[in-house]
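Everything on this sheet refers to the single structure shown next.
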Amino acid sequence: MAKLYFYYSAMNAGKTTTLLQSAHNYHERGMRTLILTPKLDNRFGEGVVASRIGLSARGRIFGRDDDLLEIVRTDIATHGALHCVLTDESQFLSKRQVWQLTEVVDKIDVPVLAYGLRTDFRGELFEGSQYLLAWADSLSEIKTICHTGRKATMVVRVDENGRAITDGPQVEIGGNERYVSVSRGEFKKIVAGEGRIELQQPQLPLEPSD
């Protein structure tokens with residue numbers, strides 16, 4: 001029986017990498033998938049879903065007014081049997097679109113894997129994430145770490161000096177270098193103005209040094 005899965009995390013936890021790996025797993029078993037990507041996110045070009053480690057795939061673009069259930073039905077009518085729907089940047093879904101994804105599961109019996117952020121830079125839930133947390137059959141956290149070494153659960157937006165920005169629009173595409181995943185304790189500290197974050201943190205190679 002199909003289910004709606006929500007995989008959530010702070011930024012830079014590998015959500016898109018995990019999505020692309022899941023799609024690959026289906027494809028290598030001869031099963032077809034549909035990747036949905038919001039029009040709002042065009043960092044890598046329209047319809048391109050790409051991870052920080054270099055993986056990429058084409059996705060079906062959707063806007064906030066699009067009916068995702070109808071998109072899936074049209075895709076099946078055009079291309080045949082569909083085995084999984086994967087949604088990137090699912091925090092940008094509307095409440096209505098999350099409901100439509102539940103209909104894909106309940107009416108068409110196609111599993112939906114949604115990947116996205118849980119909260120914004122103010123510590124508030126995104127609309128899409130709020131209703132995915134409420135309605136998904138399965139919730140899984142993809143973990144990443146804060147620069148303190150603790151588990152990162154929140155995202156802070158900072159200026160060029162590494163100081164917290166606490167107002168402005170919820171969504172700012174293209175400024176990823178200004179968003180940093182931190183622990184809840186570090187979030188409180190930075191937002192209170194009690195510290196700053198180095199934007200260019202040292203990056204170590206994966207290979208061991210001699």
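To be explicit about the labels: the chains of the structure tokens are called A, B, and onward in the order shown, and within each one the residues are counted from 1, while ligands get numbers from 1 in the order they are shown.
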Residue neighbourhood region 82-95 of chain A, 6 Å, only C-alpha atoms, exclusion window fewer than 2 positions, as a ChimeraX atom specification: /A:31-37,97-98,110-117,126,128-129
Spatial neighbours of region 1-14 of chain A, max dist 7 Å, only C-alpha atoms, sep filter under 5 positions, as a ChimeraX atom specification: /A:102,105,109-118,132,136-144,152-155,181
Just N, CA and C atoms for this one: save the residues we selected as a PDB file, in the first residue's frame.
```pdb
ATOM      1  N   THR A 102      -1.452  13.733  -0.891  1.00  0.00           N
ATOM      2  CA  THR A 102      -2.116  12.642  -0.170  1.00  0.00           C
ATOM      3  C   THR A 102      -3.112  11.939  -1.096  1.00  0.00           C
ATOM      4  N   VAL A 105      -1.418   9.387  -3.257  1.00  0.00           N
ATOM      5  CA  VAL A 105      -1.220   8.152  -2.496  1.00  0.00           C
ATOM      6  C   VAL A 105      -2.525   7.374  -2.349  1.00  0.00           C
ATOM      7  N   ASP A 109      -2.698   5.224  -5.569  1.00  0.00           N
ATOM      8  CA  ASP A 109      -1.845   4.205  -4.954  1.00  0.00           C
ATOM      9  C   ASP A 109      -0.406   4.281  -5.463  1.00  0.00           C
ATOM     10  N   VAL A 110       0.088   5.516  -5.605  1.00  0.00           N
ATOM     11  CA  VAL A 110       1.489   5.745  -5.963  1.00  0.00           C
ATOM     12  C   VAL A 110       2.183   6.374  -4.754  1.00  0.00           C
ATOM     13  N   PRO A 111       3.288   5.806  -4.288  1.00  0.00           N
ATOM     14  CA  PRO A 111       3.997   6.403  -3.144  1.00  0.00           C
ATOM     15  C   PRO A 111       4.593   7.761  -3.492  1.00  0.00           C
ATOM     16  N   VAL A 112       4.619   8.648  -2.505  1.00  0.00           N
ATOM     17  CA  VAL A 112       5.190   9.985  -2.672  1.00  0.00           C
ATOM     18  C   VAL A 112       6.286  10.173  -1.633  1.00  0.00           C
ATOM     19  N   LEU A 113       7.482  10.549  -2.107  1.00  0.00           N
ATOM     20  CA  LEU A 113       8.607  10.841  -1.227  1.00  0.00           C
ATOM     21  C   LEU A 113       8.876  12.338  -1.309  1.00  0.00           C
ATOM     22  N   ALA A 114       8.614  13.069  -0.230  1.00  0.00           N
ATOM     23  CA  ALA A 114       8.789  14.519  -0.192  1.00  0.00           C
ATOM     24  C   ALA A 114      10.002  14.866   0.663  1.00  0.00           C
ATOM     25  N   TYR A 115      10.838  15.761   0.141  1.00  0.00           N
ATOM     26  CA  TYR A 115      12.074  16.160   0.824  1.00  0.00           C
ATOM     27  C   TYR A 115      12.065  17.668   1.008  1.00  0.00           C
ATOM     28  N   GLY A 116      12.368  18.151   2.211  1.00  0.00           N
ATOM     29  CA  GLY A 116      12.373  19.595   2.398  1.00  0.00           C
ATOM     30  C   GLY A 116      12.873  20.036   3.760  1.00  0.00           C
ATOM     31  N   LEU A 117      12.999  21.340   3.900  1.00  0.00           N
ATOM     32  CA  LEU A 117      13.343  21.949   5.176  1.00  0.00           C
ATOM     33  C   LEU A 117      12.129  21.914   6.094  1.00  0.00           C
ATOM     34  N   ARG A 118      12.375  21.869   7.379  1.00  0.00           N
ATOM     35  CA  ARG A 118      11.269  21.933   8.340  1.00  0.00           C
ATOM     36  C   ARG A 118      10.942  23.384   8.695  1.00  0.00           C
ATOM     37  N   LEU A 132       2.904  18.652   5.727  1.00  0.00           N
ATOM     38  CA  LEU A 132       3.534  17.343   5.571  1.00  0.00           C
ATOM     39  C   LEU A 132       3.734  16.692   6.933  1.00  0.00           C
ATOM     40  N   ALA A 136       1.617  13.367   6.587  1.00  0.00           N
ATOM     41  CA  ALA A 136       2.433  12.280   6.032  1.00  0.00           C
ATOM     42  C   ALA A 136       2.252  11.001   6.847  1.00  0.00           C
ATOM     43  N   ASP A 137       2.365   9.866   6.182  1.00  0.00           N
ATOM     44  CA  ASP A 137       2.291   8.567   6.850  1.00  0.00           C
ATOM     45  C   ASP A 137       3.581   8.241   7.592  1.00  0.00           C
ATOM     46  N   SER A 138       4.700   8.775   7.071  1.00  0.00           N
ATOM     47  CA  SER A 138       6.000   8.448   7.648  1.00  0.00           C
ATOM     48  C   SER A 138       6.863   9.706   7.683  1.00  0.00           C
ATOM     49  N   LEU A 139       7.468   9.983   8.828  1.00  0.00           N
ATOM     50  CA  LEU A 139       8.345  11.142   9.001  1.00  0.00           C
ATOM     51  C   LEU A 139       9.757  10.653   9.314  1.00  0.00           C
ATOM     52  N   SER A 140      10.751  11.190   8.573  1.00  0.00           N
ATOM     53  CA  SER A 140      12.147  10.803   8.812  1.00  0.00           C
ATOM     54  C   SER A 140      13.020  12.042   8.775  1.00  0.00           C
ATOM     55  N   GLU A 141      13.898  12.150   9.743  1.00  0.00           N
ATOM     56  CA  GLU A 141      14.828  13.277   9.787  1.00  0.00           C
ATOM     57  C   GLU A 141      16.153  12.873   9.139  1.00  0.00           C
ATOM     58  N   ILE A 142      16.628  13.714   8.224  1.00  0.00           N
ATOM     59  CA  ILE A 142      17.955  13.539   7.640  1.00  0.00           C
ATOM     60  C   ILE A 142      18.888  14.450   8.426  1.00  0.00           C
ATOM     61  N   LYS A 143      19.852  13.876   9.071  1.00  0.00           N
ATOM     62  CA  LYS A 143      20.634  14.635  10.061  1.00  0.00           C
ATOM     63  C   LYS A 143      21.852  15.315   9.442  1.00  0.00           C
ATOM     64  N   THR A 144      22.181  16.462  10.004  1.00  0.00           N
ATOM     65  CA  THR A 144      23.433  17.143   9.694  1.00  0.00           C
ATOM     66  C   THR A 144      23.947  17.764  10.988  1.00  0.00           C
ATOM     67  N   ALA A 152      22.446  19.664  14.073  1.00  0.00           N
ATOM     68  CA  ALA A 152      21.820  20.887  13.585  1.00  0.00           C
ATOM     69  C   ALA A 152      20.352  20.618  13.282  1.00  0.00           C
ATOM     70  N   THR A 153      19.474  21.439  13.843  1.00  0.00           N
ATOM     71  CA  THR A 153      18.041  21.281  13.616  1.00  0.00           C
ATOM     72  C   THR A 153      17.400  22.554  13.075  1.00  0.00           C
ATOM     73  N   MET A 154      18.150  23.656  13.028  1.00  0.00           N
ATOM     74  CA  MET A 154      17.584  24.935  12.638  1.00  0.00           C
ATOM     75  C   MET A 154      18.490  25.630  11.632  1.00  0.00           C
ATOM     76  N   VAL A 155      17.958  26.671  10.996  1.00  0.00           N
ATOM     77  CA  VAL A 155      18.698  27.427   9.984  1.00  0.00           C
ATOM     78  C   VAL A 155      18.706  28.895  10.376  1.00  0.00           C
ATOM     79  N   SER A 181      23.190  25.963   8.867  1.00  0.00           N
ATOM     80  CA  SER A 181      22.484  25.038   9.747  1.00  0.00           C
ATOM     81  C   SER A 181      23.182  24.999  11.104  1.00  0.00           C
TER      82      SER A 181
END
```
Helix (DSSP H, G or I) call set, DSSP backbone run, region 16-207 of chain A, as a PyMOL selection string: chain A and resi 16-27+68-79+90-92+95-108+127-135+176-178+184-191
Selection: 6 Å around Gly162 (chain A), only C-alpha atoms, excl. self and same-chain fewer than 6 positions, as a PyMOL selection string: chain A and resi 196-198
Please produce an output containing C-alpha atoms for each residue in the selection, written as a compact mmCIF listing (two decimals), in the first residue's frame.
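What ended up in selection-v7.txt:
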```txt
# COMPACT_ATOMS: atom_id res chain seq x y z
CA ARG A 196 28.69 35.42 14.71
CA ILE A 197 29.26 32.62 12.22
CA GLU A 198 32.28 32.29 9.95
```
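Among the candidates A:Val48, A:Val182, A:Ile71, A:Ile165, the one nearest to Arg122 (chain A) when counting only C-alpha atoms is A:Ile165.
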Exercise: Ser51 (chain A) partners within 10 Å, only C-alpha atoms, chain neighbours under 2 positions left out, as JSON, numbers by chain: {"A": [12, 14, 15, 16, 17, 18, 19, 20, 44, 48, 49, 53, 54, 55, 56, 57]}
